[in-house]
file run.txt (compact mmCIF, C-alpha atoms)
# COMPACT_ATOMS: atom_id res chain seq x y z
CA MET H 15 -15.58 46.38 5.72
CA THR H 16 -19.23 47.36 5.35
CA PRO H 17 -21.36 48.28 8.35
CA ARG H 18 -23.57 45.23 7.73
CA ARG H 19 -20.63 42.86 8.07
CA ARG H 20 -19.45 44.63 11.23
CA ALA H 21 -22.89 44.25 12.78
CA SER H 22 -23.01 40.58 11.83
CA ARG H 23 -19.62 39.93 13.46
CA ARG H 24 -20.64 41.76 16.63
CA LEU H 25 -23.82 39.68 16.79
CA VAL H 26 -21.88 36.41 16.41
CA VAL H 27 -19.36 37.40 19.11
CA SER H 28 -22.17 38.41 21.46
CA LEU H 29 -23.99 35.13 20.96
CA ALA H 30 -20.75 33.19 21.58
CA LEU H 31 -20.04 35.05 24.83
CA ALA H 32 -23.60 34.47 25.98
CA ALA H 33 -23.32 30.74 25.28
CA VAL H 34 -20.02 30.47 27.23
CA ALA H 35 -21.57 32.28 30.18
CA ALA H 36 -24.60 29.98 30.16
CA VAL H 37 -22.39 26.87 30.13
CA GLY H 38 -20.28 28.26 32.99
CA LEU H 39 -23.38 28.81 35.11
CA ALA H 40 -24.90 25.40 34.28
CA VAL H 41 -21.85 23.29 35.18
CA PRO H 42 -21.68 24.31 38.90
CA ALA H 43 -25.43 23.88 39.16
CA LEU H 44 -25.26 20.36 37.78
CA ALA H 45 -22.34 19.54 40.03
CA SER H 46 -24.25 20.85 43.03
CA ASP H 47 -27.29 18.76 42.12
CA ALA H 48 -25.11 15.69 41.70
CA ASP H 49 -23.47 16.19 45.08
CA SER H 50 -26.71 16.77 46.93
CA GLY H 51 -28.74 14.13 45.15
CA THR H 52 -29.71 10.75 46.59
CA PRO H 53 -27.81 7.79 45.09
CA LEU H 54 -29.94 5.31 43.20
CA THR H 55 -29.70 1.64 44.13
CA VAL H 56 -31.21 -1.15 42.02
CA SER H 57 -31.70 -4.59 43.54
CA ILE H 58 -32.35 -7.64 41.36
CA THR H 59 -33.81 -10.73 42.97
CA ASP H 60 -34.99 -14.06 41.64
CA GLY H 61 -38.11 -14.11 43.80
CA SER H 62 -36.72 -16.54 46.37
CA THR H 63 -36.49 -15.67 50.02
CA PRO H 64 -32.92 -15.86 51.27
CA SER H 65 -32.39 -17.97 54.33
CA PRO H 66 -29.50 -17.59 56.72
CA SER H 67 -26.85 -20.26 56.26
CA PRO H 68 -26.03 -22.11 59.46
CA SER H 69 -22.50 -21.72 60.69
CA SER H 70 -20.44 -24.81 60.01
CA SER H 71 -17.82 -26.09 62.36
CA SER H 72 -15.06 -28.51 61.47
CA THR H 73 -13.06 -30.69 63.72
CA THR H 74 -9.57 -31.67 62.81
CA GLY H 75 -8.53 -34.97 64.18
CA SER H 76 -4.95 -35.91 64.50
CA GLY H 77 -4.20 -39.38 63.30
CA PRO H 78 -1.11 -41.38 62.55
CA ALA H 79 0.45 -40.86 59.16
CA THR H 80 0.22 -43.62 56.64
CA GLY H 81 3.39 -44.42 54.77
CA THR H 82 2.88 -45.05 51.09
CA SER H 83 5.12 -45.19 48.10
CA SER H 84 4.46 -44.06 44.58
CA GLY H 85 6.56 -43.91 41.46
CA GLY H 86 7.76 -40.45 40.42
CA SER H 87 10.41 -37.82 41.03
CA SER H 88 11.17 -34.18 40.55
CA THR H 89 14.34 -34.47 38.61
CA GLY H 90 13.98 -37.99 37.35
CA GLY H 91 11.02 -40.25 36.68
CA SER H 92 10.56 -43.76 37.98
CA SER H 93 7.96 -46.46 37.57
CA THR H 94 7.18 -48.97 40.26
CA GLY H 95 7.07 -52.54 39.02
CA GLY H 96 5.63 -55.65 40.55
CA SER H 97 7.33 -57.74 43.15
CA ARG H 98 9.27 -60.83 42.35
CA GLY H 99 8.87 -64.15 44.09
CA ALA H 100 10.19 -65.12 47.45
CA GLY H 101 13.90 -65.52 47.81
CA GLY H 102 14.80 -62.93 45.19
CA SER H 103 18.45 -62.30 44.37
CA THR H 104 20.39 -59.95 46.58
CA GLY H 105 22.84 -57.26 45.52
CA VAL H 106 26.57 -57.88 45.75
CA GLY H 107 29.58 -55.65 45.39
CA GLY H 108 30.84 -52.55 47.10
CA SER H 109 28.79 -49.51 47.82
CA THR H 110 29.55 -45.84 47.62
CA GLY H 111 26.16 -44.79 49.00
CA ALA H 112 24.75 -44.80 52.49
CA GLY H 113 21.61 -46.61 53.58
CA THR H 114 19.23 -44.88 55.93
CA SER H 115 15.88 -45.61 57.50
CA SER H 116 13.45 -43.08 58.90
CA ASP H 117 10.11 -43.20 60.65
CA PRO H 118 7.52 -40.85 59.06
CA GLY H 119 4.63 -42.10 61.16
CA THR H 120 2.59 -45.12 62.07
CA THR H 121 -0.36 -46.95 60.59
CA PRO H 122 -2.95 -48.62 62.80
CA ALA H 123 -2.95 -52.39 62.69
CA GLY H 124 -5.64 -53.89 60.52
CA GLN H 125 -5.82 -50.94 58.11
CA THR H 126 -6.72 -51.69 54.50
CA THR H 127 -3.64 -52.56 52.46
CA PRO H 128 -2.80 -49.91 49.81
CA ALA H 129 -2.73 -51.10 46.21
CA ASN H 130 1.05 -50.71 45.87
CA GLU H 131 1.87 -52.84 48.90
CA VAL H 132 2.55 -56.57 48.92
CA SER H 133 2.35 -58.91 51.88
CA VAL H 134 5.40 -60.94 52.86
CA GLY H 135 3.50 -62.86 55.54
CA GLY H 136 2.98 -62.50 59.25
CA GLY H 137 1.45 -59.04 58.96
CA LEU H 138 4.38 -57.36 57.16
CA PHE H 139 3.69 -55.27 54.04
CA VAL H 140 6.25 -53.81 51.62
CA GLY H 141 5.48 -50.80 49.42
CA GLY H 142 6.66 -50.13 45.89
CA LEU H 143 10.21 -49.02 45.09
CA ASN H 144 10.80 -45.37 44.14
CA GLY H 145 13.87 -43.74 42.61
CA ASN H 146 15.20 -40.27 41.92
CA GLY H 147 18.17 -39.81 39.54
CA MET H 148 20.63 -36.93 40.01
CA PRO H 149 23.28 -36.22 37.31
CA ALA H 150 26.80 -35.17 38.26
CA VAL H 151 29.56 -33.08 36.67
CA ASN H 152 31.62 -36.22 36.22
CA PRO H 153 30.07 -38.01 33.20
CA ALA H 154 30.76 -41.41 34.79
CA ASP H 155 29.16 -40.46 38.10
CA GLY H 156 25.57 -39.62 38.98
CA THR H 157 23.55 -40.85 41.93
CA VAL H 158 20.18 -42.53 42.39
CA ASP H 159 18.14 -42.18 45.57
CA MET H 160 15.99 -45.25 46.22
CA TRP H 161 13.34 -45.76 48.89
CA PHE H 162 10.36 -47.91 49.83
CA THR H 163 8.07 -48.39 52.83
CA VAL H 164 7.62 -51.25 55.28
CA ARG H 165 4.48 -51.58 57.42
CA ASN H 166 4.18 -53.81 60.45
CA SER H 167 0.64 -54.83 61.30
CA SER H 168 1.69 -57.70 63.55
CA THR H 169 1.70 -57.67 67.34
CA LYS H 170 5.49 -57.74 67.88
CA PRO H 171 8.50 -55.60 66.84
CA VAL H 172 10.32 -56.87 63.76
CA ASP H 173 13.94 -56.69 62.63
CA ALA H 174 14.67 -57.02 58.90
CA THR H 175 17.20 -56.03 56.22
CA ALA H 176 17.08 -54.57 52.71
CA ASP H 177 19.50 -55.00 49.79
CA PHE H 178 19.55 -52.25 47.14
CA TRP H 179 21.21 -52.46 43.72
CA MET H 180 20.92 -50.94 40.26
CA GLU H 181 21.80 -52.11 36.75
CA GLY H 182 22.01 -50.73 33.24
CA THR H 183 18.86 -51.37 31.24
CA VAL H 184 20.70 -52.29 28.01
CA PHE H 185 23.30 -54.82 29.15
CA SER H 186 22.01 -55.52 32.69
CA ASN H 187 25.46 -54.61 34.02
CA ARG H 188 25.72 -54.04 37.77
CA LEU H 189 26.38 -50.35 38.50
CA ASP H 190 26.31 -50.19 42.30
CA ALA H 191 24.79 -51.94 45.31
CA ARG H 192 24.11 -51.45 49.00
CA ASP H 193 23.59 -54.60 51.01
CA GLY H 194 22.23 -55.22 54.46
CA VAL H 195 20.52 -51.91 55.20
CA PRO H 196 19.16 -52.56 58.70
CA ILE H 197 15.51 -52.16 59.64
CA THR H 198 15.55 -52.50 63.41
CA ALA H 199 12.68 -52.62 65.90
CA LEU H 200 9.84 -51.95 63.47
CA GLN H 201 7.04 -51.50 65.99
CA PRO H 202 3.50 -52.89 65.63
CA GLY H 203 1.39 -50.43 63.64
CA GLU H 204 4.46 -48.55 62.39
CA THR H 205 5.24 -47.65 58.78
CA ARG H 206 8.86 -46.82 58.02
CA VAL H 207 10.66 -45.46 54.96
CA VAL H 208 13.85 -47.35 54.10
CA ALA H 209 16.24 -45.55 51.75
CA ALA H 210 19.69 -45.82 50.17
CA THR H 211 21.78 -43.75 47.75
CA LEU H 212 23.72 -45.49 44.99
CA SER H 213 26.23 -43.95 42.60
CA GLY H 214 27.65 -44.70 39.16
CA ALA H 215 24.50 -44.04 37.12
CA GLY H 216 26.63 -42.27 34.49
CA GLN H 217 24.96 -41.51 31.17
CA TRP H 218 22.76 -44.61 31.04
CA THR H 219 19.60 -42.45 30.90
CA LEU H 220 17.48 -45.29 32.30
CA VAL H 221 18.71 -47.51 35.12
CA SER H 222 16.97 -50.52 36.57
CA ALA H 223 16.62 -50.21 40.35
CA HIS H 224 15.90 -53.13 42.67
CA VAL H 225 15.51 -53.84 46.38
CA THR H 226 15.10 -57.15 48.20
CA PHE H 227 13.39 -57.05 51.59
CA THR H 228 14.35 -59.92 53.88
CA PRO H 229 12.10 -60.39 56.95
CA PRO H 230 12.55 -62.87 59.81
CA GLU H 231 11.61 -66.46 59.06
CA THR H 232 8.46 -66.17 61.15
CA VAL H 233 6.35 -63.21 62.32
CA ASP H 234 3.55 -63.84 64.82
CA ALA H 235 4.07 -67.58 64.31
CA ALA H 236 3.43 -67.18 60.56
CA ALA H 237 5.98 -67.81 57.82
CA ALA H 238 7.43 -64.73 56.12
CA THR H 239 9.36 -64.69 52.85
CA SER H 240 11.59 -62.16 51.14
CA VAL H 241 10.29 -60.03 48.28
CA THR H 242 11.98 -57.99 45.54
CA ARG H 243 10.57 -54.71 44.20
CA ASP H 244 11.75 -53.11 40.94
CA ALA H 245 11.60 -49.71 39.28
CA LEU H 246 13.01 -47.80 36.28
CA VAL H 247 14.75 -44.52 37.15
CA LEU H 248 15.52 -41.71 34.70
CA VAL H 249 18.97 -40.12 34.96
CA PHE H 250 19.43 -37.03 32.75
CA PRO H 251 22.24 -37.80 30.21
CA TRP H 252 23.73 -34.32 30.11
CA LEU H 253 26.82 -35.34 28.12
CA ILE H 254 24.79 -37.02 25.37
CA VAL H 255 22.47 -34.02 25.17
CA LEU H 256 25.44 -31.62 25.02
CA VAL H 257 27.05 -33.56 22.16
CA ALA H 258 23.75 -33.66 20.26
CA VAL H 259 23.29 -29.89 20.66
CA ALA H 260 26.87 -29.23 19.46
CA ILE H 261 26.31 -31.37 16.35
CA ALA H 262 23.02 -29.61 15.58
CA LEU H 263 24.67 -26.18 15.91
CA ALA H 264 27.55 -27.23 13.64
CA LEU H 265 25.13 -28.40 10.94
CA ALA H 266 23.16 -25.15 11.19
CA ILE H 267 26.33 -23.05 10.84
CA VAL H 268 27.42 -25.04 7.78
CA ARG H 269 24.05 -24.45 6.12
CA VAL H 270 24.14 -20.71 6.82
CA VAL H 271 27.68 -20.39 5.45
CA ARG H 272 26.82 -22.33 2.32
CA ALA H 273 23.75 -20.15 1.73
CA ALA H 274 25.83 -16.96 2.10
CA LEU H 275 28.53 -18.01 -0.37
CA PRO H 276 28.05 -17.07 -4.03
CA PRO H 277 27.11 -19.94 -6.32
CA VAL H 278 29.95 -21.68 -8.09
CA PRO H 279 29.81 -20.93 -11.85
CA ALA H 280 29.24 -23.92 -14.04
CA ALA H 281 32.26 -25.05 -16.06
CA ALA H 282 32.21 -23.92 -19.67
CA VAL H 283 31.62 -26.72 -22.11
CA SER H 284 33.94 -26.56 -25.14
call {"tool": "encode", "arguments": {"input": "run.txt", "output": "structure tokens"}}
result
Amino acid sequence: MTPRRRASRRLVVSLALAAVAAVGLAVPALASDADSGTPLTVSITDGSTPSPSPSSSSTTGSGPATGTSSGGSSTGGSSTGGSRGAGGSTGVGGSTGAGTSSDPGTTPAGQTTPANEVSVGGGLFVGGLNGNGMPAVNPADGTVDMWFTVRNSSTKPVDATADFWMEGTVFSNRLDARDGVPITALQPGETRVVAATLSGAGQWTLVSAHVTFTPPETVDAAAATSVTRDALVLVFPWLIVLVAVAIALALAIVRVVRAALPPVPAAAVS
């Protein structure tokens, strides 16, 4: 190696070491300046003068609950139909369900009638019928929960009854019924939920649910008539769905097997 090349290499190494040293001294200085510096804050305004917002206070009043009924369910859908005329047919036959009535709250007398209620006279109002279908392991079983509301806006307690029944939508065959569910001492201004559970929905998919409300002949010296409310309830047909899935899987397997087999050679023509 010539002396000129050695000198050039020494000069390059010296310059590199000097640059590293300068960077090492500059980094702490910059860090120190950053730590000791004053943070910069930029405010953007639209030119308007902010005004303090007054504190708002809310009062929560406790009022009686209003009983309403609407078609729909979590596991099965239902649609509330219109009411039939006075003196509607009542359900007959045995019952495997149990009828219950509960009191969710009261409604003040004279309140505006909800759209899904019908008047039976004398200040009595009947809400729409609701249903909830529940399938069972037994293909022939399956239950349907049915409920509706009764509101008394008269001035006296009322005793009434309700007859529940359900039918198949295709042949109108009676599946189950619950007669004479008692509605006792419905107080003035009270709204009560009346419910029953019927069984035997099976695999009908859609069942037609009905209830007939029978009030006293007179309420507050006014004539009262019975009314029938109807609804369609969806019951999940698990057996039909299972059979359909099994058939679809069988067809898919047959197609896959046929595609995997070698083609059949055509017969030689003599």
call {"tool": "closest_residue", "arguments": {"input": "run.txt", "among": "H:Thr163, H:Ser213, H:Thr198, H:Ser240", "to": "Trp179 of chain H", "atoms": "only C-alpha atoms"}}
result
H:Ser213
call {"tool": "atom_distance", "arguments": {"input": "run.txt", "atom1": "atom CA of Met148 of chain H", "atom2": "atom CA of Val225 of chain H"}}
result
18.8 Å
call {"tool": "atom_distance", "arguments": {"input": "run.txt", "atom1": "atom CA of Phe139 of chain H", "atom2": "atom CA of Leu248 of chain H"}}
result
26.4 Å
call {"tool": "atom_distance", "arguments": {"input": "run.txt", "atom1": "atom CA of Leu253 of chain H", "atom2": "atom CA of Asn187 of chain H"}}
result
20.2 Å
call {"tool": "closest_residue", "arguments": {"input": "run.txt", "among": "H:Ala260, H:Asp159, H:Pro251, H:Thr219", "to": "Thr183 of chain H", "atoms": "all atoms listed in the file"}}
result
H:Thr219
call {"tool": "residues_around", "arguments": {"input": "run.txt", "residues": "Val164 of chain H", "least_positions_apart": "5", "cutoff": "6 Å", "atoms": "all atoms listed in the file", "output": "PyMOL selection string"}}
result
chain H and resi 139-140+205-206
call {"tool": "closest_residue", "arguments": {"input": "run.txt", "among": "H:Val255, H:Ala210, H:Ala191, H:Val233", "to": "Ala174 of chain H", "atoms": "only C-alpha atoms"}}
result
H:Val233
call {"tool": "residues_around", "arguments": {"input": "run.txt", "residues": "Asn166 of chain H", "least_positions_apart": "6", "cutoff": "7 Å", "atoms": "only C-alpha atoms", "output": "count of residues only"}}
result
9
call {"tool": "axis_aligned_box", "arguments": {"input": "run.txt", "around": "segment 204-221 of chain H", "padding_each_side": "8 Å", "output": "lines of an AutoDock Vina configuration file"}}
result
center_x = 16.1
center_y = -45.0
center_z = 46.6
size_x = 39.2
size_y = 23.0
size_z = 47.5
call {"tool": "residues_around", "arguments": {"input": "run.txt", "residues": "Phe227 of chain H", "least_positions_apart": "4", "cutoff": "7 Å", "atoms": "only C-alpha atoms", "output": "ChimeraX atom specification"}}
result
/H:175-177,240-242
call {"tool": "residues_around", "arguments": {"input": "run.txt", "residues": "Met160 of chain H", "least_positions_apart": "6", "cutoff": "6 Å", "atoms": "all atoms listed in the file", "output": "ChimeraX atom specification"}}
result
/H:144-145,209-210
